[in-house]
$ cat input_27.pdb   # PDB, C-alpha atoms and all ligand atoms
ATOM      1  CA  MET A 120       0.000   0.000   0.000
ATOM      2  CA  LEU A 121       1.416   3.329  -1.016
ATOM      3  CA  SER A 122       1.289   6.161   1.449
ATOM      4  CA  VAL A 123       2.400   8.596  -1.223
ATOM      5  CA  GLU A 124       1.920   8.434  -4.958
ATOM      6  CA  LYS A 125       4.734  10.738  -5.934
ATOM      7  CA  CYS A 126       8.137  11.548  -4.597
ATOM      8  CA  PRO A 127       7.936  14.568  -2.256
ATOM      9  CA  ILE A 128      11.405  15.617  -3.379
ATOM     10  CA  CYS A 129      11.363  15.415  -7.160
ATOM     11  CA  GLY A 130       7.811  14.386  -8.019
ATOM     12  CA  GLY A 131       9.028  11.160  -9.599
ATOM     13  CA  GLU A 132       7.257   7.842  -9.732
ATOM     14  CA  ILE A 133       7.235   5.708  -6.578
ATOM     15  CA  VAL A 134       7.560   1.936  -6.605
ATOM     16  CA  ILE A 135       7.596  -0.568  -3.761
ATOM     17  CA  LYS A 136      10.754  -2.583  -3.413
ATOM     18  CA  GLU A 137      12.035  -5.148  -0.974
ATOM     19  CA  VAL A 138      15.175  -3.789   0.610
ATOM     20  CA  ASP A 139      17.569  -5.063   3.240
ATOM     21  CA  LYS A 140      17.710  -2.947   6.340
ATOM     22  CA  LEU A 141      20.660  -3.368   8.624
ATOM     23  CA  LEU A 142      19.996  -2.975  12.318
ATOM     24  CA  ARG A 143      22.763  -2.791  14.867
ATOM     25  CA  GLY A 144      22.291  -3.228  18.565
ATOM     26  CA  GLY A 145      25.284  -3.933  20.764
ATOM     27  CA  ASN A 146      27.090  -6.984  19.440
ATOM     28  CA  HIS A 147      24.167  -8.109  17.373
ATOM     29  CA  THR A 148      23.456  -7.221  13.817
ATOM     30  CA  ALA A 149      20.180  -8.100  12.223
ATOM     31  CA  ILE A 150      19.167  -7.800   8.639
ATOM     32  CA  LEU A 151      15.519  -7.258   7.999
ATOM     33  CA  LYS A 152      13.766  -7.487   4.717
ATOM     34  CA  VAL A 153      11.367  -4.629   4.539
ATOM     35  CA  SER A 154       9.313  -3.106   1.809
ATOM     36  CA  ALA A 155      10.148   0.478   1.070
ATOM     37  CA  GLU A 156       8.765   2.936  -1.383
ATOM     38  CA  VAL A 157      11.562   3.978  -3.696
ATOM     39  CA  CYS A 158      11.559   6.883  -6.097
ATOM     40  CA  LEU A 159      12.524   5.876  -9.615
ATOM     41  CA  SER A 160      13.946   9.285 -10.386
ATOM     42  CA  CYS A 161      16.093  10.245  -7.417
ATOM     43  CA  GLY A 162      16.252   6.980  -5.455
ATOM     44  CA  GLU A 163      14.763   8.457  -2.308
ATOM     45  CA  ARG A 164      13.483   5.763   0.025
ATOM     46  CA  LEU A 165      10.279   6.256   1.894
ATOM     47  CA  TYR A 166       9.484   3.765   4.595
ATOM     48  CA  SER A 167       5.892   3.172   5.486
ATOM     49  CA  VAL A 168       4.613   4.056   8.918
ATOM     50  CA  GLU A 169       4.129   0.362   9.617
ATOM     51  CA  THR A 170       7.756  -0.385   8.808
ATOM     52  CA  VAL A 171       9.033   2.425  10.986
ATOM     53  CA  ARG A 172       6.973   1.078  13.876
ATOM     54  CA  LYS A 173       8.618  -2.292  13.415
ATOM     55  CA  PHE A 174      12.046  -0.670  13.732
ATOM     56  CA  ALA A 175      11.010   1.079  16.896
ATOM     57  CA  LYS A 176      10.107  -2.257  18.502
ATOM     58  CA  ILE A 177      13.526  -3.665  17.795
TER      59      ILE A 177
HETATM   60 ZN    ZN A 201      12.404  11.508  -6.209
END
$ encode --input "input_27.pdb" --output "C-alpha cells" --more "lines below"
Ligand SMILES: [Zn+2]
Amino acid sequence: MLSVEKCPICGGEIVIKEVDKLLRGGNHTAILKVSAEVCLSCGERLYSVETVRKFAKI
C-alpha cells in the first residue's frame, strides 16, 4: 500500500521494493527485509509508517 503516490522531493514515480535494512544493537546485527517505497527518479526511500513502527520495537 502506497502512502504517497509521488516523490515529495522530485515528483518522480514511486515503486515498492524489498530492501535489506541493517539494524545494529550492541554486538548483534540483524538484517531485515522490509518493503520500502523507492523513487525511480532520485532513489529516495520512503518507509511506510508500519515499517518504521517495526524498527522502533527492535
Ligand atoms: Zn524523487
$ resolve_selection --input "input_27.pdb" --expression "the PyMOL selection byres (((not hetatm)) within 12 of (chain A and resi 201))" --output "PyMOL selection string"
chain A and resi 123-134+156-165
$ resolve_selection --input "input_27.pdb" --expression "the PyMOL selection byres (((chain A and resi 151) around 10) and not hetatm)" --output "VMD selection string"
chain A and resid 137 to 142 148 to 150 152 to 154 174
$ write_last_selection --input "input_27.pdb" --atoms "C-alpha atoms" --output "PDB file, in the frame of the given file"
ATOM      1  CA  GLU A 137      12.035  -5.148  -0.974  1.00  0.00           C
ATOM      2  CA  VAL A 138      15.175  -3.789   0.610  1.00  0.00           C
ATOM      3  CA  ASP A 139      17.569  -5.063   3.240  1.00  0.00           C
ATOM      4  CA  LYS A 140      17.710  -2.947   6.340  1.00  0.00           C
ATOM      5  CA  LEU A 141      20.660  -3.368   8.624  1.00  0.00           C
ATOM      6  CA  LEU A 142      19.996  -2.975  12.318  1.00  0.00           C
ATOM      7  CA  THR A 148      23.456  -7.221  13.817  1.00  0.00           C
ATOM      8  CA  ALA A 149      20.180  -8.100  12.223  1.00  0.00           C
ATOM      9  CA  ILE A 150      19.167  -7.800   8.639  1.00  0.00           C
ATOM     10  CA  LYS A 152      13.766  -7.487   4.717  1.00  0.00           C
ATOM     11  CA  VAL A 153      11.367  -4.629   4.539  1.00  0.00           C
ATOM     12  CA  SER A 154       9.313  -3.106   1.809  1.00  0.00           C
ATOM     13  CA  PHE A 174      12.046  -0.670  13.732  1.00  0.00           C
TER      14      PHE A 174
END
$ axis_aligned_box --input "input_27.pdb" --around "stretch 158-163 of chain A" --padding-each-side "3 Å" --output "AutoDock Vina command-line options"
--center_x 13.9 --center_y 8.1 --center_z -6.3 --size_x 10.7 --size_y 10.4 --size_z 14.1
$ residues_around --input "input_27.pdb" --residues "A:Ala155" --least-positions-apart "4" --cutoff "6 Å" --atoms "only C-alpha atoms" --output "CSV table (one decimal) with C-alpha atoms, keeping the file's coordinate frame"
chain,number,residue,atom,x,y,z
A,135,ILE,CA,7.6,-0.6,-3.8
A,136,LYS,CA,10.8,-2.6,-3.4
A,165,LEU,CA,10.3,6.3,1.9
A,166,TYR,CA,9.5,3.8,4.6
